[in-house]
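Below: the structure, in structure tokens.
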Amino acid sequence: MAKSGRLVLLADTLLALYRNMARIRAVEKRLVQSFQEGLISGDCHSSMGQEGVATGICQHLRANDLLFSPHRGHGHAIGKGMPLTQLFGELYGRVTGCCQGKGGGRNLLSQEIGLLGSSGLLGATITEAVGAGIAIQLERSDRVVVAFFGDGAALHGRFHEGINLAAHWKLPIIFVCENNLYADQTKFEDLTAQSRVSLRGRAYGLHGIDVDGNDVTAVYEEAYEAVRIARVGDGPSLIECRTYRARPFVEGLEEKPARPLSERDEWLGNDPIVKFASKLLDADHASAAEVAAVEKEVVQEVLQAHRDAVEAPFPNSNSAETAAAE
Amino acid sequence: MKTYIEATREALAEELAADDRTVVFGRDIGPSGGVFRSTSGLIDVFGKDRIRSFPLGDHVLVGAAIGAALAGLRPIIDLISPHEISGGLAHLVQAASTESLSQGTLVVPITLRLATGYGMGAVRDQAGDLHSLWTSTPGIQVVAPATPYVGKGTLKSAIRSNQLTVLLEDRGLFETRQEIGDDECLLPFGEAECLVEGDLATVVAWGAAVPWALGAAKTLAEKGQRVEVIDLRSLAPIDLKTIGESCVKTGRVFIVEPSLPDCSVGSELIARLQETCFDYLDAPIGRMNVDRSVAYSPTLEANAIPSVDGLFHSLKDWLTE
């Protein structure tokens, strides 16, 4: 997977990657609790366990790059820079949310950070990215578009229609398949004879890449190359990141059948954050104190964002908007 | 004199020239100019990047238009039948709430052109109206133009509008001709137009039903019965003010739709009129629709689709009830 010309990652970058993963983890932990406490009225799709993907990809993005994120998108929004108060506010249905409580956790939109699309409509991120790629190509800038999606979406028509045109028109897109092995509760390999999504990309003429999604530096390196290729106008890439969600498909769901314990143990033993922390320490890129300080810092941030959201008001129905629709 | 297709093609050319963010996405819209020649010649002027031919797949056609719109373009989707949108329907319904969710910071300025309507032996997979799919979705403007002039003016305004706009364009009107002049021709949304003044009753029509209504009103007038004819034009939002004022004046309303009757725009109009104008109505509201039995054979079509003559007789009977 790592190619010649391996990137040299500076300690600052490594610590930034660690901080972002730790921040997403702290958010997801708090949200699991918030769901159980009844603070989240709709669906809560936790990305716990998949932090390496969102982090390794988004670290390369500039403020004016564009992002499309599916239903499991907390980490993507955080990675692109959404303030945590906006994220918590949205999930709690408050006016401080990124959509003033109108969208919930599956619909996180923010023009400010370039998060233009977000929803559970299967594969919508893929086709929307095609359109945004056309817009960027017409403006002749070097902005790029990232579309996250899951393995389930790779079985949808939008995936095939979308990546076909992206490759044909050489659009500046990085398609990121977070293959967490399950489409909802059904094992991905029970739904297809070809479970390597990256190979589908190659079949359509894209750069198709496999990477261990739980290895943040590996994701970071592949994304570096894919983003570079897109910026210079050499077309889209499809990065398949194998990863695993630590939580059920959606909070509150008792999965049937339950995922095998041996599989869970193996993947959770391969936790992206634990693994990266020991890598940092072993290679002396960071001290134990620095790592601990980051942990403490993000937990404080999350606690503050949670408290702000709890205290924020619920929205009132906008009667003007209702009247305008009539 | 210009046909509907020529007038709306002129609208496209003017708006493409005025704003280079404007793009057309559709099937076969390049050198062939589209099934109905709605884009003939445009690729020679504006190039294949802006007059962009998509494969036969409405998932990506619609999704890409949404993504392009979110990223700053103003896409026009050109589709030859209302059914072609099926793979993109849920996506458009979702996109229609983007402006509200984002407090107006993100908009989806898409113009969706659907060639709808009955007749010409097209059924099931080709024809139909599906009008109420769009009018029942919040956040979408829906217009059914009845003339070349209204088609041109509405299309231009739709392209400039930040709101998702659906144009339900009846294939039966594509070859109708009208003098349209050289004015800028931008028509507002949400406004009905009174085409014929009368005092006996108000006949509300839109799209392909407008020529039926005008024809029937003319024959009635020749017999001394003057009915008012209003082109509703905008199906969402509905101009209840214009219809209501006419209802107050005439005391009778008849609705003629170029579409099926169930849960239709006419159904909604009737509901709103009884809410707001009940005291002014002298008789039950009348209506005429495309019949559910519409099918391929010429006889089945002729029996199911309203006509000037059929409407005239219905109105004559209804007026004496």
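Residue names in the structure tokens use chain letters A, B, ... in the order shown, residue numbers from 1 in each chain, and ligand numbers from 1 in the order shown.
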
Using only C-alpha atoms, tabulate the residues of chain B lying at most 8 Å from any atom of chain A, each with its closest atom pair and that distance in Å to one decimal, by chain and increasing residue number, as CSV.
residue,atom,partner,partner_atom,distance
B:Asp49,CA,A:Leu138,CA,7.8
B:Gly57,CA,A:Glu161,CA,6.9
B:His59,CA,A:Arg158,CA,5.6
B:Val60,CA,A:Thr127,CA,5.2
B:Leu61,CA,A:Thr127,CA,7.9
B:Val62,CA,A:Thr127,CA,8.0
B:Gly63,CA,A:Thr127,CA,4.6
B:Ala64,CA,A:Gly131,CA,3.7
B:Ala65,CA,A:Gly131,CA,5.6
B:Ile66,CA,A:Glu128,CA,5.9
B:Gly67,CA,A:Glu128,CA,3.8
B:Ala68,CA,A:Gly131,CA,3.9
B:Ala69,CA,A:Gly131,CA,7.5
B:Leu70,CA,A:Leu116,CA,6.4
B:Ala71,CA,A:Ala132,CA,5.2
B:Gly72,CA,A:Ala135,CA,6.9
B:Leu73,CA,A:Ala135,CA,6.2
B:Ala90,CA,A:Leu121,CA,7.9
B:His91,CA,A:Leu121,CA,7.2
B:Leu101,CA,A:Cys99,CA,5.0
B:Ser102,CA,A:Cys99,CA,5.4
B:Gln103,CA,A:Cys99,CA,7.2
B:Thr105,CA,A:Gln111,CA,6.1
B:Leu106,CA,A:Gln111,CA,6.2
B:Pro138,CA,A:Ala325,CA,6.8
B:Gly139,CA,A:Ala325,CA,7.1
B:Ala236,CA,A:Glu326,CA,8.0
B:Pro237,CA,A:Glu326,CA,6.0
B:Ile238,CA,A:Glu326,CA,7.3

| task | Determine which residues of region 1-191 of chain A receive a DSSP assignment of strand (DSSP E or B), computed from the backbone, and state them as a ChimeraX atom specification. | result | /A:66-69,110,115-118,145-150,173-179,182-183,186-187

Output of the above residues as an mmCIF file, in the first residue's frame, restricted to N, CA, C and O atoms:
data_model
loop_
_atom_site.group_PDB
_atom_site.id
_atom_site.type_symbol
_atom_site.label_atom_id
_atom_site.label_comp_id
_atom_site.auth_asym_id
_atom_site.auth_seq_id
_atom_site.Cartn_x
_atom_site.Cartn_y
_atom_site.Cartn_z
ATOM 1 N N LEU A 66 -14.608 21.069 -1.149
ATOM 2 C CA LEU A 66 -16.006 20.706 -0.882
ATOM 3 C C LEU A 66 -16.129 19.269 -0.394
ATOM 4 O O LEU A 66 -15.333 18.397 -0.757
ATOM 5 N N LEU A 67 -17.137 19.052 0.428
ATOM 6 C CA LEU A 67 -17.303 17.749 1.065
ATOM 7 C C LEU A 67 -18.763 17.308 1.012
ATOM 8 O O LEU A 67 -19.675 18.106 1.243
ATOM 9 N N PHE A 68 -18.967 16.043 0.696
ATOM 10 C CA PHE A 68 -20.304 15.444 0.744
ATOM 11 C C PHE A 68 -20.220 14.225 1.655
ATOM 12 O O PHE A 68 -19.336 13.379 1.498
ATOM 13 N N SER A 69 -21.145 14.146 2.576
ATOM 14 C CA SER A 69 -21.036 13.152 3.634
ATOM 15 C C SER A 69 -22.350 12.394 3.802
ATOM 16 O O SER A 69 -23.420 12.982 3.688
ATOM 17 N N SER A 110 -23.237 22.758 6.055
ATOM 18 C CA SER A 110 -22.595 24.007 6.435
ATOM 19 C C SER A 110 -21.865 24.593 5.237
ATOM 20 O O SER A 110 -20.850 24.067 4.796
ATOM 21 N N LEU A 115 -19.286 21.905 3.592
ATOM 22 C CA LEU A 115 -20.038 20.647 3.713
ATOM 23 C C LEU A 115 -21.388 20.881 3.037
ATOM 24 O O LEU A 115 -22.341 21.340 3.655
ATOM 25 N N LEU A 116 -21.454 20.574 1.756
ATOM 26 C CA LEU A 116 -22.610 20.979 0.945
ATOM 27 C C LEU A 116 -23.728 19.952 0.932
ATOM 28 O O LEU A 116 -24.871 20.264 0.618
ATOM 29 N N GLY A 117 -23.395 18.704 1.211
ATOM 30 C CA GLY A 117 -24.432 17.688 1.145
ATOM 31 C C GLY A 117 -24.231 16.685 2.251
ATOM 32 O O GLY A 117 -23.108 16.345 2.612
ATOM 33 N N SER A 118 -25.336 16.204 2.791
ATOM 34 C CA SER A 118 -25.267 15.242 3.875
ATOM 35 C C SER A 118 -26.640 14.625 4.008
ATOM 36 O O SER A 118 -27.625 15.333 4.183
ATOM 37 N N VAL A 145 -13.092 17.923 -4.472
ATOM 38 C CA VAL A 145 -14.323 17.469 -3.826
ATOM 39 C C VAL A 145 -14.054 16.100 -3.200
ATOM 40 O O VAL A 145 -13.422 15.242 -3.833
ATOM 41 N N VAL A 146 -14.548 15.897 -1.991
ATOM 42 C CA VAL A 146 -14.489 14.571 -1.376
ATOM 43 C C VAL A 146 -15.907 14.053 -1.176
ATOM 44 O O VAL A 146 -16.780 14.778 -0.693
ATOM 45 N N ALA A 147 -16.143 12.817 -1.592
ATOM 46 C CA ALA A 147 -17.433 12.172 -1.337
ATOM 47 C C ALA A 147 -17.186 10.932 -0.491
ATOM 48 O O ALA A 147 -16.503 9.998 -0.928
ATOM 49 N N PHE A 148 -17.708 10.934 0.712
ATOM 50 C CA PHE A 148 -17.667 9.737 1.552
ATOM 51 C C PHE A 148 -18.923 8.905 1.291
ATOM 52 O O PHE A 148 -19.996 9.457 1.037
ATOM 53 N N PHE A 149 -18.800 7.618 1.372
ATOM 54 C CA PHE A 149 -19.970 6.732 1.301
ATOM 55 C C PHE A 149 -19.587 5.385 1.892
ATOM 56 O O PHE A 149 -18.406 5.109 2.118
ATOM 57 N N GLY A 150 -20.590 4.548 2.115
ATOM 58 C CA GLY A 150 -20.309 3.246 2.710
ATOM 59 C C GLY A 150 -20.308 2.136 1.681
ATOM 60 O O GLY A 150 -20.571 2.365 0.492
ATOM 61 N N ILE A 173 -12.220 14.722 -7.978
ATOM 62 C CA ILE A 173 -12.966 14.134 -6.859
ATOM 63 C C ILE A 173 -12.161 13.026 -6.203
ATOM 64 O O ILE A 173 -11.479 12.247 -6.881
ATOM 65 N N ILE A 174 -12.269 12.934 -4.884
ATOM 66 C CA ILE A 174 -11.740 11.791 -4.158
ATOM 67 C C ILE A 174 -12.946 11.062 -3.569
ATOM 68 O O ILE A 174 -13.647 11.583 -2.693
ATOM 69 N N PHE A 175 -13.233 9.904 -4.128
ATOM 70 C CA PHE A 175 -14.320 9.068 -3.612
ATOM 71 C C PHE A 175 -13.741 8.202 -2.500
ATOM 72 O O PHE A 175 -12.747 7.501 -2.721
ATOM 73 N N VAL A 176 -14.360 8.249 -1.339
ATOM 74 C CA VAL A 176 -13.843 7.482 -0.211
ATOM 75 C C VAL A 176 -14.906 6.506 0.259
ATOM 76 O O VAL A 176 -15.942 6.904 0.804
ATOM 77 N N CYS A 177 -14.665 5.223 0.014
ATOM 78 C CA CYS A 177 -15.599 4.210 0.483
ATOM 79 C C CYS A 177 -15.141 3.730 1.852
ATOM 80 O O CYS A 177 -14.061 3.165 2.000
ATOM 81 N N GLU A 178 -15.960 4.003 2.858
ATOM 82 C CA GLU A 178 -15.668 3.481 4.193
ATOM 83 C C GLU A 178 -16.321 2.111 4.263
ATOM 84 O O GLU A 178 -17.505 2.002 4.560
ATOM 85 N N ASN A 179 -15.549 1.106 3.951
ATOM 86 C CA ASN A 179 -16.093 -0.250 3.927
ATOM 87 C C ASN A 179 -16.007 -0.838 5.335
ATOM 88 O O ASN A 179 -14.976 -1.358 5.747
ATOM 89 N N TYR A 182 -20.403 -4.088 6.630
ATOM 90 C CA TYR A 182 -21.844 -4.353 6.752
ATOM 91 C C TYR A 182 -22.652 -3.235 6.108
ATOM 92 O O TYR A 182 -22.430 -2.055 6.383
ATOM 93 N N ALA A 183 -23.579 -3.626 5.244
ATOM 94 C CA ALA A 183 -24.549 -2.684 4.709
ATOM 95 C C ALA A 183 -25.778 -2.813 5.598
ATOM 96 O O ALA A 183 -26.489 -3.813 5.523
ATOM 97 N N THR A 186 -26.556 -6.388 7.064
ATOM 98 C CA THR A 186 -26.188 -7.511 6.199
ATOM 99 C C THR A 186 -24.733 -7.402 5.783
ATOM 100 O O THR A 186 -24.263 -6.329 5.411
ATOM 101 N N LYS A 187 -24.052 -8.541 5.865
ATOM 102 C CA LYS A 187 -22.645 -8.549 5.525
ATOM 103 C C LYS A 187 -22.481 -8.198 4.046
ATOM 104 O O LYS A 187 -23.163 -8.755 3.182
#

| query | Tell me, which residues of region 26-258 of chain A carry DSSP helix (DSSP H, G or I), written as a VMD selection string? | reply | chain A and resid 26 to 36 51 to 58 74 to 80 84 to 91 124 to 139 153 to 155 157 to 168 188 to 190 197 to 203 216 to 231

| task | Tell me, as a list in words, which residues lie within 12 Å of Gln304 (chain A), counting only C-alpha atoms; anything in the same chain fewer than 4 positions away does not count. | result |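 Those residues are Ala26, Val27, Arg30, Pro83, Leu84, Thr85, Gln86, Phe88, Gly89, Glu297, Val298, Val299, Gln300, Asp308, Ala309, Val310 and Glu311 of chain A.
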
Dump of N, CA, C and O atoms for the selected residues, as a tab-separated table (two decimals), in the first residue's frame:
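New file selection_17.tsv:
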chain	number	residue	atom	x	y	z
A	26	ALA	N	-14.17	11.28	21.25
A	26	ALA	CA	-14.79	11.88	22.45
A	26	ALA	C	-16.22	12.32	22.13
A	26	ALA	O	-17.13	12.17	22.95
A	27	VAL	N	-16.42	12.85	20.93
A	27	VAL	CA	-17.77	13.26	20.51
A	27	VAL	C	-18.67	12.04	20.46
A	27	VAL	O	-19.79	12.04	21.01
A	30	ARG	N	-19.66	10.71	23.84
A	30	ARG	CA	-20.65	11.57	24.50
A	30	ARG	C	-22.03	11.39	23.84
A	30	ARG	O	-23.05	11.36	24.51
A	83	PRO	N	-17.55	23.53	14.04
A	83	PRO	CA	-17.44	23.73	15.49
A	83	PRO	C	-18.33	22.72	16.23
A	83	PRO	O	-19.45	22.45	15.81
A	84	LEU	N	-17.82	22.17	17.31
A	84	LEU	CA	-18.56	21.12	18.02
A	84	LEU	C	-19.90	21.62	18.56
A	84	LEU	O	-20.85	20.86	18.65
A	85	THR	N	-19.97	22.90	18.88
A	85	THR	CA	-21.24	23.42	19.39
A	85	THR	C	-22.33	23.29	18.32
A	85	THR	O	-23.48	23.02	18.64
A	86	GLN	N	-21.94	23.48	17.05
A	86	GLN	CA	-22.92	23.35	15.96
A	86	GLN	C	-23.36	21.90	15.78
A	86	GLN	O	-24.51	21.61	15.49
A	88	PHE	N	-23.27	19.39	18.13
A	88	PHE	CA	-24.12	18.97	19.26
A	88	PHE	C	-25.47	19.67	19.21
A	88	PHE	O	-26.51	19.06	19.45
A	89	GLY	N	-25.45	20.96	18.87
A	89	GLY	CA	-26.70	21.70	18.79
A	89	GLY	C	-27.66	21.05	17.79
A	89	GLY	O	-28.86	20.94	18.04
A	297	GLU	N	-7.74	17.66	26.63
A	297	GLU	CA	-8.20	18.84	25.90
A	297	GLU	C	-9.50	18.54	25.12
A	297	GLU	O	-10.47	19.29	25.19
A	298	VAL	N	-9.53	17.43	24.39
A	298	VAL	CA	-10.72	17.16	23.56
A	298	VAL	C	-11.92	16.79	24.43
A	298	VAL	O	-13.06	17.15	24.10
A	299	VAL	N	-11.69	16.13	25.53
A	299	VAL	CA	-12.80	15.80	26.42
A	299	VAL	C	-13.42	17.09	26.98
A	299	VAL	O	-14.66	17.22	27.06
A	300	GLN	N	-12.56	18.05	27.29
A	300	GLN	CA	-13.05	19.36	27.76
A	300	GLN	C	-13.89	20.05	26.68
A	300	GLN	O	-14.97	20.57	26.95
A	308	ASP	N	-23.22	23.53	26.19
A	308	ASP	CA	-23.79	24.66	25.41
A	308	ASP	C	-25.08	24.23	24.71
A	308	ASP	O	-26.06	24.97	24.67
A	309	ALA	N	-25.03	23.02	24.15
A	309	ALA	CA	-26.20	22.55	23.40
A	309	ALA	C	-27.39	22.30	24.33
A	309	ALA	O	-28.54	22.62	24.00
A	310	VAL	N	-27.12	21.72	25.47
A	310	VAL	CA	-28.20	21.43	26.42
A	310	VAL	C	-28.88	22.73	26.86
A	310	VAL	O	-30.09	22.79	27.04
A	311	GLU	N	-28.06	23.78	27.00
A	311	GLU	CA	-28.61	25.06	27.46
A	311	GLU	C	-29.27	25.87	26.35
A	311	GLU	O	-30.01	26.81	26.62

Which residues come within 9 Å of Asp125 (chain B), counting only C-alpha atoms, excluding same-chain residues fewer than 5 positions away, as a PDB file with C-alpha atoms, in the first residue's frame?
ATOM      1  CA  SER B  81     -40.840  12.404 -19.915  1.00  0.00           C
ATOM      2  CA  PRO B  82     -41.955  12.797 -16.315  1.00  0.00           C
ATOM      3  CA  HIS B  83     -41.042   9.168 -15.658  1.00  0.00           C
ATOM      4  CA  GLU B  84     -37.407   9.770 -16.509  1.00  0.00           C
TER       5      GLU B  84
END

| Do you know which residues are at most 7 Å from Ala11 (chain B) counting only C-alpha atoms, after dropping those on the same chain fewer than 4 positions away, and could you put them as a PyMOL selection string? | chain B and resi 7+15+152+155-156

For the residues in the current selection, export N, CA, C and O atoms as a PDB file, in the first residue's frame.
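Printed below is out_16.pdb as written:
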ATOM      1  N   ALA B   7     -39.482  29.302 -28.795  1.00  0.00           N
ATOM      2  CA  ALA B   7     -39.484  30.376 -27.798  1.00  0.00           C
ATOM      3  C   ALA B   7     -38.679  29.991 -26.569  1.00  0.00           C
ATOM      4  O   ALA B   7     -37.914  30.799 -26.027  1.00  0.00           O
ATOM      5  N   GLU B  15     -30.299  33.119 -21.613  1.00  0.00           N
ATOM      6  CA  GLU B  15     -29.796  32.954 -20.240  1.00  0.00           C
ATOM      7  C   GLU B  15     -28.399  32.332 -20.217  1.00  0.00           C
ATOM      8  O   GLU B  15     -27.590  32.646 -19.348  1.00  0.00           O
ATOM      9  N   LYS B 152     -41.465  30.904 -22.440  1.00  0.00           N
ATOM     10  CA  LYS B 152     -40.180  31.606 -22.488  1.00  0.00           C
ATOM     11  C   LYS B 152     -39.942  32.420 -21.213  1.00  0.00           C
ATOM     12  O   LYS B 152     -38.885  32.335 -20.587  1.00  0.00           O
ATOM     13  N   LEU B 155     -39.408  30.155 -18.157  1.00  0.00           N
ATOM     14  CA  LEU B 155     -38.112  29.467 -18.174  1.00  0.00           C
ATOM     15  C   LEU B 155     -36.988  30.427 -17.797  1.00  0.00           C
ATOM     16  O   LEU B 155     -36.111  30.099 -16.994  1.00  0.00           O
ATOM     17  N   LYS B 156     -37.039  31.638 -18.323  1.00  0.00           N
ATOM     18  CA  LYS B 156     -36.004  32.621 -17.990  1.00  0.00           C
ATOM     19  C   LYS B 156     -36.020  32.954 -16.489  1.00  0.00           C
ATOM     20  O   LYS B 156     -34.978  33.012 -15.843  1.00  0.00           O
TER      21      LYS B 156
END

| task | Excluding Ser297 (chain B) and any residue of its chain fewer than 2 positions from it, enumerate the residues within 12 Å of it, using only C-alpha atoms, and give them as a ChimeraX atom specification. | result | /B:119-123,293-295,299-304

Go ahead and save the picked residues with C-alpha atoms, as a compact mmCIF listing (two decimals), in the first residue's frame.
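And here is the file that came out, selection15.txt:
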# COMPACT_ATOMS: atom_id res chain seq x y z
CA GLY B 119 -51.99 11.83 -26.32
CA MET B 120 -49.92 10.76 -29.33
CA GLY B 121 -50.22 7.10 -28.35
CA ALA B 122 -47.82 7.48 -25.46
CA VAL B 123 -48.80 5.75 -22.24
CA SER B 293 -59.05 5.09 -18.39
CA VAL B 294 -56.58 6.87 -20.68
CA ALA B 295 -54.75 4.27 -22.82
CA THR B 299 -60.49 5.72 -29.29
CA LEU B 300 -59.40 5.20 -25.69
CA GLU B 301 -57.35 8.39 -25.84
CA ALA B 302 -60.11 10.43 -27.40
CA ASN B 303 -62.59 9.32 -24.77
CA ALA B 304 -60.27 10.07 -21.88
